[in-house]
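Asks: Starting off with a structure, shown below.
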Amino acid sequence: MHALATADHSGHSVDTRIRARAIGLESLVLPPGATLDVQLIEDGTDPQQTKVLNTEHASNLRGSPFAFDIPYDAASLETSARHGLRACLRDAKGTLLFATAALVPVSPGSQAVVEFRLVRADLR
């Protein structure tokens, strides 16, 4: 996936991507055509301020874990908002199979890989 970078006020490069890895809570046997969609969410103090900053789509999945990068525009972030990831794993027909149980907290600008679990959709 792509990595974008900008410069901070001192001229140093600032990472503008979230690096993450999704892991199945149980063994994932993926049907042909399964897709993973991961959204970077900005969750403002007012529920009406919640917005999707970016979505990454992956297909031709081979199995867990799923590693990916989600680029974002650092200048557009609301510093007082919470940021997190939401992920859904669907079959070729679009039926939800696995998803995050809740918003997964992230820290934009961090170099750490965010690791989270996907749970079976009927258990959420």
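Every chain in the structure tokens has a letter given in the order shown (A, B, ...), and although residue numbers restart at 1 in each chain, ligands are simply numbered from 1 in the order shown.
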Report as an NGL selection string all protein, DNA and RNA residues lying within 10 Å of Ala101 (chain A), evaluated on only C-alpha atoms, omitting residues in the same chain fewer than 3 positions from it.
Replies: :A and (86-88 or 98 or 104 or 116-121 or 123-124)
Asks: Using only N, CA, C and O atoms, please write the residues we just selected to a file, as a PDB file, in the first residue's frame.
Replies:
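The result, written out as part.pdb:
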```
ATOM      1  N   ARG A  86     -12.213   1.069  11.777  1.00  0.00           N
ATOM      2  CA  ARG A  86     -13.368   0.173  11.736  1.00  0.00           C
ATOM      3  C   ARG A  86     -13.129  -0.728  10.518  1.00  0.00           C
ATOM      4  O   ARG A  86     -12.769  -0.238   9.446  1.00  0.00           O
ATOM      5  N   ALA A  87     -13.315  -2.031  10.685  1.00  0.00           N
ATOM      6  CA  ALA A  87     -13.031  -2.957   9.587  1.00  0.00           C
ATOM      7  C   ALA A  87     -14.161  -3.959   9.416  1.00  0.00           C
ATOM      8  O   ALA A  87     -14.807  -4.366  10.391  1.00  0.00           O
ATOM      9  N   CYS A  88     -14.387  -4.362   8.149  1.00  0.00           N
ATOM     10  CA  CYS A  88     -15.408  -5.355   7.805  1.00  0.00           C
ATOM     11  C   CYS A  88     -14.835  -6.322   6.774  1.00  0.00           C
ATOM     12  O   CYS A  88     -14.248  -5.889   5.782  1.00  0.00           O
ATOM     13  N   PHE A  98     -16.989 -10.973   9.186  1.00  0.00           N
ATOM     14  CA  PHE A  98     -16.237 -10.589  10.378  1.00  0.00           C
ATOM     15  C   PHE A  98     -16.113  -9.075  10.405  1.00  0.00           C
ATOM     16  O   PHE A  98     -16.127  -8.425   9.364  1.00  0.00           O
ATOM     17  N   VAL A 104     -11.425   0.926  16.875  1.00  0.00           N
ATOM     18  CA  VAL A 104     -10.080   0.608  17.369  1.00  0.00           C
ATOM     19  C   VAL A 104      -9.284   1.912  17.438  1.00  0.00           C
ATOM     20  O   VAL A 104      -9.043   2.533  16.400  1.00  0.00           O
ATOM     21  N   PHE A 116      -5.382  -5.380  15.656  1.00  0.00           N
ATOM     22  CA  PHE A 116      -6.720  -5.562  16.201  1.00  0.00           C
ATOM     23  C   PHE A 116      -7.326  -6.859  15.700  1.00  0.00           C
ATOM     24  O   PHE A 116      -6.857  -7.448  14.751  1.00  0.00           O
ATOM     25  N   ARG A 117      -8.377  -7.271  16.366  1.00  0.00           N
ATOM     26  CA  ARG A 117      -9.031  -8.540  16.043  1.00  0.00           C
ATOM     27  C   ARG A 117     -10.359  -8.318  15.340  1.00  0.00           C
ATOM     28  O   ARG A 117     -11.079  -7.376  15.643  1.00  0.00           O
ATOM     29  N   LEU A 118     -10.641  -9.225  14.429  1.00  0.00           N
ATOM     30  CA  LEU A 118     -11.948  -9.273  13.785  1.00  0.00           C
ATOM     31  C   LEU A 118     -12.735 -10.389  14.445  1.00  0.00           C
ATOM     32  O   LEU A 118     -12.201 -11.472  14.696  1.00  0.00           O
ATOM     33  N   VAL A 119     -14.002 -10.140  14.721  1.00  0.00           N
ATOM     34  CA  VAL A 119     -14.850 -11.153  15.348  1.00  0.00           C
ATOM     35  C   VAL A 119     -15.974 -11.510  14.368  1.00  0.00           C
ATOM     36  O   VAL A 119     -16.369 -10.706  13.536  1.00  0.00           O
ATOM     37  N   ARG A 120     -16.456 -12.735  14.507  1.00  0.00           N
ATOM     38  CA  ARG A 120     -17.545 -13.204  13.628  1.00  0.00           C
ATOM     39  C   ARG A 120     -18.726 -12.246  13.761  1.00  0.00           C
ATOM     40  O   ARG A 120     -19.080 -11.816  14.849  1.00  0.00           O
ATOM     41  N   ALA A 121     -19.306 -11.866  12.644  1.00  0.00           N
ATOM     42  CA  ALA A 121     -20.376 -10.856  12.618  1.00  0.00           C
ATOM     43  C   ALA A 121     -21.563 -11.240  13.492  1.00  0.00           C
ATOM     44  O   ALA A 121     -22.157 -10.367  14.116  1.00  0.00           O
ATOM     45  N   LEU A 123     -21.484 -12.611  16.282  1.00  0.00           N
ATOM     46  CA  LEU A 123     -21.113 -12.545  17.685  1.00  0.00           C
ATOM     47  C   LEU A 123     -20.931 -11.120  18.179  1.00  0.00           C
ATOM     48  O   LEU A 123     -20.682 -10.901  19.356  1.00  0.00           O
ATOM     49  N   ARG A 124     -21.029 -10.146  17.296  1.00  0.00           N
ATOM     50  CA  ARG A 124     -20.794  -8.739  17.673  1.00  0.00           C
ATOM     51  C   ARG A 124     -21.909  -8.208  18.514  1.00  0.00           C
ATOM     52  O   ARG A 124     -23.002  -8.534  18.502  1.00  0.00           O
TER      53      ARG A 124
END
```
Asks: Which of region 26-107 of chain A end up as strand (DSSP E) when DSSP is run on this backbone - answer as an MDAnalysis selection string?
Replies: chainID A and resid 35:43 51:58 66:71 82:90 96:99 104:105
Asks: Which of chain A end up as helix (DSSP H, G or I) when DSSP is run on this backbone - answer as an mmCIF file with N, CA and C atoms, in the first residue's frame?
Replies:
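This is the output file result-v7.cif:
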```cif
data_model
loop_
_atom_site.group_PDB
_atom_site.id
_atom_site.type_symbol
_atom_site.label_atom_id
_atom_site.label_comp_id
_atom_site.auth_asym_id
_atom_site.auth_seq_id
_atom_site.Cartn_x
_atom_site.Cartn_y
_atom_site.Cartn_z
ATOM 1 N N PRO A 47 -21.678 13.608 17.889
ATOM 2 C CA PRO A 47 -21.854 12.478 16.966
ATOM 3 C C PRO A 47 -22.020 12.899 15.505
ATOM 4 N N GLN A 48 -22.529 14.098 15.259
ATOM 5 C CA GLN A 48 -22.693 14.572 13.889
ATOM 6 C C GLN A 48 -21.358 14.971 13.258
ATOM 7 N N GLN A 49 -20.304 15.053 14.071
ATOM 8 C CA GLN A 49 -18.984 15.409 13.570
ATOM 9 C C GLN A 49 -18.167 14.172 13.168
ATOM 10 N N ALA A 74 -2.660 14.759 7.043
ATOM 11 C CA ALA A 74 -2.428 15.219 8.415
ATOM 12 C C ALA A 74 -2.979 16.621 8.660
ATOM 13 N N ALA A 75 -2.961 17.453 7.653
ATOM 14 C CA ALA A 75 -3.444 18.832 7.810
ATOM 15 C C ALA A 75 -4.952 18.895 8.038
ATOM 16 N N SER A 76 -5.681 17.858 7.636
ATOM 17 C CA SER A 76 -7.141 17.875 7.773
ATOM 18 C C SER A 76 -7.629 17.277 9.095
ATOM 19 N N ALA A 121 -19.306 -11.866 12.644
ATOM 20 C CA ALA A 121 -20.376 -10.856 12.618
ATOM 21 C C ALA A 121 -21.563 -11.240 13.492
ATOM 22 N N ASP A 122 -21.888 -12.504 13.581
ATOM 23 C CA ASP A 122 -23.051 -12.888 14.399
ATOM 24 C C ASP A 122 -22.737 -12.901 15.890
ATOM 25 N N LEU A 123 -21.484 -12.611 16.282
ATOM 26 C CA LEU A 123 -21.113 -12.545 17.685
ATOM 27 C C LEU A 123 -20.931 -11.120 18.179
#
```
Asks: At a cut-off of 12 Å, using only C-alpha atoms, what residues contact region 51-59 of chain A? Leave out same-chain residues fewer than 4 positions from it and give the result as a compact mmCIF listing (two decimals) with all heavy atoms, in the first residue's frame.
Replies:
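Resulting contents of selection-v4.txt:
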```
# COMPACT_ATOMS: atom_id res chain seq x y z
N MET A 1 0.84 -1.17 0.00
CA MET A 1 0.00 0.00 0.00
C MET A 1 0.89 1.24 0.00
O MET A 1 2.08 1.15 0.21
CB MET A 1 -0.92 -0.02 1.20
CG MET A 1 -1.76 -1.26 1.25
SD MET A 1 -3.42 -0.87 1.71
CE MET A 1 -4.15 -2.45 1.46
N HIS A 2 0.30 2.40 -0.16
CA HIS A 2 1.07 3.62 -0.31
C HIS A 2 1.36 4.27 1.02
O HIS A 2 0.60 4.19 1.96
CB HIS A 2 0.30 4.62 -1.18
CG HIS A 2 -0.04 4.06 -2.52
ND1 HIS A 2 0.88 3.88 -3.49
CD2 HIS A 2 -1.22 3.61 -3.02
CE1 HIS A 2 0.31 3.36 -4.56
NE2 HIS A 2 -0.98 3.19 -4.29
N THR A 16 2.29 10.03 7.45
CA THR A 16 0.87 10.32 7.30
C THR A 16 0.13 9.07 6.85
O THR A 16 -0.60 9.08 5.87
CB THR A 16 0.63 11.48 6.33
OG1 THR A 16 1.23 11.17 5.08
CG2 THR A 16 1.19 12.77 6.87
N ARG A 17 0.35 8.01 7.57
CA ARG A 17 -0.37 6.77 7.32
C ARG A 17 -0.50 6.05 8.65
O ARG A 17 0.30 6.24 9.56
CB ARG A 17 0.37 5.89 6.32
CG ARG A 17 1.71 5.41 6.84
CD ARG A 17 2.47 4.62 5.80
NE ARG A 17 3.81 4.38 6.32
CZ ARG A 17 4.45 3.26 6.19
NH1 ARG A 17 3.91 2.24 5.56
NH2 ARG A 17 5.66 3.12 6.68
N ILE A 18 -1.55 5.27 8.74
CA ILE A 18 -1.73 4.37 9.88
C ILE A 18 -1.32 2.99 9.39
O ILE A 18 -1.81 2.53 8.36
CB ILE A 18 -3.21 4.34 10.33
CG1 ILE A 18 -3.71 5.74 10.73
CG2 ILE A 18 -3.42 3.32 11.45
CD1 ILE A 18 -3.08 6.32 11.96
N ARG A 19 -0.41 2.38 10.09
CA ARG A 19 -0.01 1.00 9.76
C ARG A 19 -0.76 0.08 10.70
O ARG A 19 -0.78 0.30 11.91
CB ARG A 19 1.50 0.83 9.92
CG ARG A 19 2.27 1.72 8.96
CD ARG A 19 3.76 1.58 9.07
NE ARG A 19 4.18 1.62 10.46
CZ ARG A 19 5.33 1.11 10.89
NH1 ARG A 19 6.15 0.53 10.07
NH2 ARG A 19 5.65 1.19 12.16
N ALA A 20 -1.40 -0.95 10.13
CA ALA A 20 -2.23 -1.81 10.96
C ALA A 20 -2.20 -3.25 10.48
O ALA A 20 -1.79 -3.55 9.36
CB ALA A 20 -3.66 -1.29 10.97
N ALA A 22 -4.88 -6.69 10.90
CA ALA A 22 -6.13 -7.31 11.40
C ALA A 22 -5.91 -8.81 11.54
O ALA A 22 -5.36 -9.45 10.65
CB ALA A 22 -7.27 -7.04 10.43
N LEU A 30 -11.38 -18.23 4.37
CA LEU A 30 -12.01 -17.23 3.53
C LEU A 30 -12.58 -17.83 2.25
O LEU A 30 -11.90 -18.58 1.57
CB LEU A 30 -11.01 -16.15 3.17
CG LEU A 30 -10.40 -15.42 4.35
CD1 LEU A 30 -9.36 -14.43 3.87
CD2 LEU A 30 -11.47 -14.71 5.15
N PRO A 31 -13.81 -17.47 1.93
CA PRO A 31 -14.37 -17.91 0.66
C PRO A 31 -13.73 -17.13 -0.49
O PRO A 31 -13.23 -16.02 -0.28
CB PRO A 31 -15.86 -17.57 0.80
CG PRO A 31 -15.89 -16.42 1.76
CD PRO A 31 -14.75 -16.65 2.71
N PRO A 32 -13.73 -17.68 -1.69
CA PRO A 32 -13.20 -16.94 -2.84
C PRO A 32 -13.93 -15.60 -2.98
O PRO A 32 -15.13 -15.51 -2.77
CB PRO A 32 -13.51 -17.84 -4.03
CG PRO A 32 -13.68 -19.20 -3.45
CD PRO A 32 -14.24 -19.00 -2.06
N GLY A 33 -13.17 -14.56 -3.29
CA GLY A 33 -13.77 -13.24 -3.50
C GLY A 33 -13.98 -12.43 -2.24
O GLY A 33 -14.57 -11.34 -2.31
N ALA A 34 -13.50 -12.91 -1.09
CA ALA A 34 -13.66 -12.16 0.17
C ALA A 34 -12.91 -10.83 0.08
O ALA A 34 -11.86 -10.74 -0.57
CB ALA A 34 -13.16 -12.97 1.34
N THR A 35 -13.47 -9.80 0.70
CA THR A 35 -12.85 -8.47 0.70
C THR A 35 -12.78 -7.92 2.12
O THR A 35 -13.61 -8.25 2.98
CB THR A 35 -13.65 -7.48 -0.17
OG1 THR A 35 -14.97 -7.35 0.36
CG2 THR A 35 -13.69 -7.93 -1.62
N LEU A 36 -11.80 -7.06 2.34
CA LEU A 36 -11.63 -6.39 3.62
C LEU A 36 -11.66 -4.88 3.37
O LEU A 36 -10.93 -4.37 2.51
CB LEU A 36 -10.29 -6.77 4.26
CG LEU A 36 -9.94 -6.07 5.57
CD1 LEU A 36 -10.89 -6.51 6.69
CD2 LEU A 36 -8.50 -6.37 5.96
N ASP A 37 -12.53 -4.19 4.07
CA ASP A 37 -12.60 -2.73 4.01
C ASP A 37 -12.26 -2.19 5.39
O ASP A 37 -12.86 -2.63 6.39
CB ASP A 37 -13.99 -2.26 3.60
CG ASP A 37 -14.27 -2.54 2.15
OD1 ASP A 37 -13.51 -2.05 1.30
OD2 ASP A 37 -15.25 -3.26 1.85
N VAL A 38 -11.31 -1.27 5.44
CA VAL A 38 -10.89 -0.66 6.70
C VAL A 38 -11.04 0.85 6.56
O VAL A 38 -10.55 1.44 5.60
CB VAL A 38 -9.43 -1.01 7.04
CG1 VAL A 38 -9.04 -0.42 8.39
CG2 VAL A 38 -9.23 -2.52 7.05
N GLN A 39 -11.73 1.45 7.52
CA GLN A 39 -11.97 2.89 7.50
C GLN A 39 -11.20 3.57 8.63
O GLN A 39 -11.17 3.06 9.75
CB GLN A 39 -13.45 3.20 7.69
CG GLN A 39 -14.33 2.70 6.58
CD GLN A 39 -15.79 3.01 6.85
OE1 GLN A 39 -16.26 2.92 7.98
NE2 GLN A 39 -16.50 3.38 5.79
N LEU A 40 -10.59 4.71 8.32
CA LEU A 40 -10.02 5.58 9.33
C LEU A 40 -11.10 6.59 9.67
O LEU A 40 -11.59 7.31 8.80
CB LEU A 40 -8.76 6.28 8.80
CG LEU A 40 -8.14 7.32 9.72
CD1 LEU A 40 -7.75 6.71 11.07
CD2 LEU A 40 -6.93 7.96 9.05
N ILE A 41 -11.49 6.61 10.94
CA ILE A 41 -12.62 7.42 11.41
C ILE A 41 -12.10 8.55 12.31
O ILE A 41 -11.23 8.33 13.14
CB ILE A 41 -13.60 6.55 12.24
CG1 ILE A 41 -14.05 5.33 11.47
CG2 ILE A 41 -14.76 7.37 12.77
CD1 ILE A 41 -14.92 5.61 10.29
N GLU A 42 -12.69 9.73 12.13
CA GLU A 42 -12.45 10.84 13.05
C GLU A 42 -13.74 11.02 13.83
O GLU A 42 -14.79 11.31 13.25
CB GLU A 42 -12.10 12.12 12.29
CG GLU A 42 -11.73 13.26 13.20
CD GLU A 42 -11.14 14.40 12.42
OE1 GLU A 42 -11.94 15.19 11.85
OE2 GLU A 42 -9.91 14.52 12.37
N ASP A 43 -13.66 10.79 15.14
CA ASP A 43 -14.84 10.80 16.00
C ASP A 43 -14.82 12.06 16.85
O ASP A 43 -14.12 12.14 17.85
CB ASP A 43 -14.80 9.54 16.88
CG ASP A 43 -16.09 9.31 17.63
OD1 ASP A 43 -17.11 9.96 17.31
OD2 ASP A 43 -16.09 8.47 18.55
N GLY A 44 -15.58 13.06 16.41
CA GLY A 44 -15.64 14.34 17.13
C GLY A 44 -16.45 14.22 18.40
O GLY A 44 -17.06 13.20 18.70
N THR A 45 -16.47 15.28 19.18
CA THR A 45 -17.21 15.28 20.43
C THR A 45 -18.71 15.23 20.19
O THR A 45 -19.46 14.73 21.01
CB THR A 45 -16.86 16.53 21.26
OG1 THR A 45 -17.04 17.69 20.44
CG2 THR A 45 -15.42 16.47 21.74
N ASP A 46 -19.16 15.73 19.06
CA ASP A 46 -20.56 15.69 18.66
C ASP A 46 -20.72 14.53 17.66
O ASP A 46 -19.99 14.46 16.69
CB ASP A 46 -20.92 17.01 18.00
CG ASP A 46 -22.36 17.07 17.49
OD1 ASP A 46 -23.04 16.02 17.48
OD2 ASP A 46 -22.79 18.16 17.11
N PRO A 47 -21.68 13.61 17.89
CA PRO A 47 -21.85 12.48 16.97
C PRO A 47 -22.02 12.90 15.50
O PRO A 47 -21.67 12.17 14.60
CB PRO A 47 -23.10 11.78 17.48
CG PRO A 47 -23.19 12.15 18.92
CD PRO A 47 -22.61 13.53 19.01
N GLY A 63 -5.57 -14.96 3.87
CA GLY A 63 -5.78 -15.42 5.24
C GLY A 63 -5.17 -14.46 6.24
O GLY A 63 -4.38 -13.60 5.90
N PHE A 66 -3.98 -9.75 8.20
CA PHE A 66 -4.06 -8.86 7.03
C PHE A 66 -3.33 -7.57 7.39
O PHE A 66 -3.77 -6.84 8.27
CB PHE A 66 -5.51 -8.54 6.68
CG PHE A 66 -6.39 -9.75 6.60
CD1 PHE A 66 -7.32 -10.03 7.58
CD2 PHE A 66 -6.28 -10.63 5.52
CE1 PHE A 66 -8.14 -11.15 7.50
CE2 PHE A 66 -7.10 -11.74 5.43
CZ PHE A 66 -8.03 -12.00 6.42
N ALA A 67 -2.22 -7.29 6.72
CA ALA A 67 -1.46 -6.07 6.99
C ALA A 67 -1.80 -5.03 5.94
O ALA A 67 -1.98 -5.35 4.77
CB ALA A 67 0.03 -6.37 6.97
N PHE A 68 -1.90 -3.78 6.37
CA PHE A 68 -2.27 -2.71 5.43
C PHE A 68 -1.85 -1.36 6.00
O PHE A 68 -1.56 -1.22 7.19
CB PHE A 68 -3.78 -2.71 5.16
CG PHE A 68 -4.59 -2.69 6.41
CD1 PHE A 68 -4.95 -1.49 7.00
CD2 PHE A 68 -4.96 -3.87 7.03
CE1 PHE A 68 -5.67 -1.48 8.18
CE2 PHE A 68 -5.68 -3.86 8.21
CZ PHE A 68 -6.04 -2.66 8.78
N ASP A 69 -1.78 -0.37 5.12
CA ASP A 69 -1.53 1.03 5.47
C ASP A 69 -2.73 1.84 5.03
O ASP A 69 -3.30 1.59 3.98
CB ASP A 69 -0.31 1.57 4.72
CG ASP A 69 0.99 0.93 5.16
OD1 ASP A 69 1.04 0.33 6.24
OD2 ASP A 69 1.96 1.05 4.40
N ILE A 70 -3.09 2.82 5.85
CA ILE A 70 -4.17 3.75 5.48
C ILE A 70 -3.58 5.17 5.47
O ILE A 70 -3.28 5.73 6.52
CB ILE A 70 -5.35 3.68 6.47
CG1 ILE A 70 -5.91 2.28 6.51
CG2 ILE A 70 -6.42 4.68 6.08
CD1 ILE A 70 -7.07 2.12 7.44
N PRO A 71 -3.40 5.73 4.28
CA PRO A 71 -2.88 7.10 4.21
C PRO A 71 -3.96 8.10 4.62
O PRO A 71 -5.15 7.83 4.50
CB PRO A 71 -2.50 7.27 2.74
CG PRO A 71 -3.25 6.23 2.00
CD PRO A 71 -3.56 5.12 2.97
N TYR A 72 -3.52 9.26 5.10
CA TYR A 72 -4.45 10.33 5.46
C TYR A 72 -3.76 11.67 5.30
O TYR A 72 -2.53 11.74 5.23
CB TYR A 72 -4.99 10.16 6.88
CG TYR A 72 -3.91 10.22 7.93
CD1 TYR A 72 -3.57 11.42 8.55
CD2 TYR A 72 -3.22 9.07 8.31
CE1 TYR A 72 -2.58 11.48 9.50
CE2 TYR A 72 -2.22 9.14 9.27
CZ TYR A 72 -1.91 10.33 9.85
OH TYR A 72 -0.91 10.40 10.80
N ASP A 73 -4.53 12.72 5.25
CA ASP A 73 -4.02 14.08 5.14
C ASP A 73 -3.89 14.65 6.55
O ASP A 73 -4.89 14.97 7.19
CB ASP A 73 -4.98 14.92 4.30
CG ASP A 73 -4.57 16.37 4.18
OD1 ASP A 73 -3.46 16.74 4.64
OD2 ASP A 73 -5.36 17.15 3.63
N ALA A 74 -2.66 14.76 7.04
CA ALA A 74 -2.43 15.22 8.42
C ALA A 74 -2.98 16.62 8.66
O ALA A 74 -3.45 16.92 9.76
CB ALA A 74 -0.93 15.17 8.73
N ALA A 75 -2.96 17.45 7.65
CA ALA A 75 -3.44 18.83 7.81
C ALA A 75 -4.95 18.90 8.04
O ALA A 75 -5.46 19.87 8.58
CB ALA A 75 -3.07 19.65 6.58
N SER A 76 -5.68 17.86 7.64
CA SER A 76 -7.14 17.88 7.77
C SER A 76 -7.63 17.28 9.10
O SER A 76 -8.83 17.28 9.36
CB SER A 76 -7.79 17.14 6.61
OG SER A 76 -7.56 15.75 6.73
N LEU A 77 -6.73 16.76 9.94
CA LEU A 77 -7.14 16.14 11.19
C LEU A 77 -7.59 17.18 12.21
O LEU A 77 -6.98 18.24 12.35
CB LEU A 77 -5.99 15.33 11.80
CG LEU A 77 -5.51 14.11 11.04
CD1 LEU A 77 -4.38 13.44 11.81
CD2 LEU A 77 -6.65 13.13 10.80
N GLU A 78 -8.63 16.86 12.93
CA GLU A 78 -9.10 17.67 14.04
C GLU A 78 -8.34 17.16 15.28
O GLU A 78 -8.53 16.02 15.70
CB GLU A 78 -10.61 17.51 14.22
CG GLU A 78 -11.18 18.24 15.40
CD GLU A 78 -10.95 19.73 15.32
OE1 GLU A 78 -11.23 20.32 14.26
OE2 GLU A 78 -10.47 20.31 16.32
N ALA A 81 -10.23 15.60 18.26
CA ALA A 81 -11.08 14.43 18.00
C ALA A 81 -10.34 13.13 18.32
O ALA A 81 -9.11 13.09 18.36
CB ALA A 81 -11.52 14.42 16.54
N ARG A 82 -11.12 12.08 18.55
CA ARG A 82 -10.56 10.73 18.67
C ARG A 82 -10.47 10.16 17.27
O ARG A 82 -11.31 10.46 16.42
CB ARG A 82 -11.45 9.83 19.51
CG ARG A 82 -11.58 10.22 20.95
CD ARG A 82 -12.45 9.27 21.75
NE ARG A 82 -13.63 8.85 21.01
CZ ARG A 82 -14.17 7.62 21.07
NH1 ARG A 82 -13.65 6.71 21.84
NH2 ARG A 82 -15.22 7.32 20.37
N HIS A 83 -9.49 9.31 17.03
CA HIS A 83 -9.33 8.66 15.74
C HIS A 83 -9.29 7.16 15.94
O HIS A 83 -8.79 6.67 16.95
CB HIS A 83 -8.05 9.15 15.04
CG HIS A 83 -8.12 10.60 14.73
ND1 HIS A 83 -7.69 11.57 15.60
CD2 HIS A 83 -8.62 11.24 13.64
CE1 HIS A 83 -7.91 12.75 15.07
NE2 HIS A 83 -8.47 12.60 13.89
N GLY A 84 -9.86 6.42 14.99
CA GLY A 84 -9.89 4.98 15.14
C GLY A 84 -10.13 4.29 13.82
O GLY A 84 -10.37 4.92 12.78
N LEU A 85 -10.06 2.97 13.86
CA LEU A 85 -10.28 2.13 12.69
C LEU A 85 -11.53 1.30 12.88
O LEU A 85 -11.84 0.86 14.00
CB LEU A 85 -9.09 1.18 12.46
CG LEU A 85 -7.74 1.81 12.22
CD1 LEU A 85 -6.67 0.73 12.11
CD2 LEU A 85 -7.76 2.69 10.98
N ARG A 86 -12.21 1.07 11.78
CA ARG A 86 -13.37 0.17 11.74
C ARG A 86 -13.13 -0.73 10.52
O ARG A 86 -12.77 -0.24 9.45
CB ARG A 86 -14.65 0.99 11.58
CG ARG A 86 -15.90 0.17 11.60
CD ARG A 86 -17.15 1.01 11.65
NE ARG A 86 -17.09 2.21 10.83
CZ ARG A 86 -17.72 3.34 11.12
NH1 ARG A 86 -18.44 3.43 12.20
NH2 ARG A 86 -17.64 4.38 10.32
N ALA A 87 -13.32 -2.03 10.68
CA ALA A 87 -13.03 -2.96 9.59
C ALA A 87 -14.16 -3.96 9.42
O ALA A 87 -14.81 -4.37 10.39
CB ALA A 87 -11.73 -3.70 9.85
N CYS A 88 -14.39 -4.36 8.15
CA CYS A 88 -15.41 -5.36 7.81
C CYS A 88 -14.83 -6.32 6.77
O CYS A 88 -14.25 -5.89 5.78
CB CYS A 88 -16.63 -4.69 7.18
SG CYS A 88 -17.50 -3.57 8.29
N LEU A 89 -15.02 -7.59 7.01
CA LEU A 89 -14.62 -8.63 6.07
C LEU A 89 -15.90 -9.23 5.50
O LEU A 89 -16.77 -9.68 6.26
CB LEU A 89 -13.80 -9.70 6.80
CG LEU A 89 -13.24 -10.83 5.98
CD1 LEU A 89 -12.21 -10.33 4.99
CD2 LEU A 89 -12.62 -11.87 6.89
N ARG A 90 -16.04 -9.19 4.18
CA ARG A 90 -17.27 -9.63 3.52
C ARG A 90 -16.97 -10.71 2.49
O ARG A 90 -15.87 -10.77 1.96
CB ARG A 90 -17.96 -8.46 2.83
CG ARG A 90 -18.39 -7.37 3.79
CD ARG A 90 -19.04 -6.20 3.07
NE ARG A 90 -19.35 -5.12 3.96
CZ ARG A 90 -20.43 -5.05 4.73
NH1 ARG A 90 -21.34 -6.00 4.67
NH2 ARG A 90 -20.62 -4.03 5.53
N ASP A 91 -17.98 -11.53 2.20
CA ASP A 91 -17.81 -12.51 1.13
C ASP A 91 -18.06 -11.83 -0.22
O ASP A 91 -18.36 -10.62 -0.28
CB ASP A 91 -18.71 -13.73 1.34
CG ASP A 91 -20.20 -13.45 1.21
OD1 ASP A 91 -20.59 -12.38 0.68
OD2 ASP A 91 -20.99 -14.32 1.62
N ALA A 92 -17.93 -12.58 -1.30
CA ALA A 92 -18.06 -12.02 -2.66
C ALA A 92 -19.43 -11.42 -2.92
O ALA A 92 -19.57 -10.52 -3.76
CB ALA A 92 -17.75 -13.09 -3.69
N PRO A 108 -2.72 9.07 15.09
CA PRO A 108 -2.11 9.54 13.85
C PRO A 108 -0.70 10.09 14.10
O PRO A 108 -0.47 10.79 15.08
CB PRO A 108 -3.05 10.63 13.36
CG PRO A 108 -4.38 10.22 13.92
CD PRO A 108 -4.05 9.67 15.29
```
Asks: Find the distance between CA of Gly94 (chain A) and CA of Thr50 (chain A) and write it in Å to one decimal.
Replies: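 A separation of 24.3 Å between them.
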Asks: CA of Leu96 (chain A) and CA of Leu61 (chain A) are how many Å apart?
Replies: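 Calculated distance between CA of Leu96 (chain A) and CA of Leu61 (chain A) is 15.1 Å.
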Asks: So how many Å separate CA of Ile23 (chain A) and CA of Ser107 (chain A), to one decimal?
Replies: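 Atom-to-atom, CA of Ile23 (chain A) and CA of Ser107 (chain A) are spaced 19.3 Å apart.
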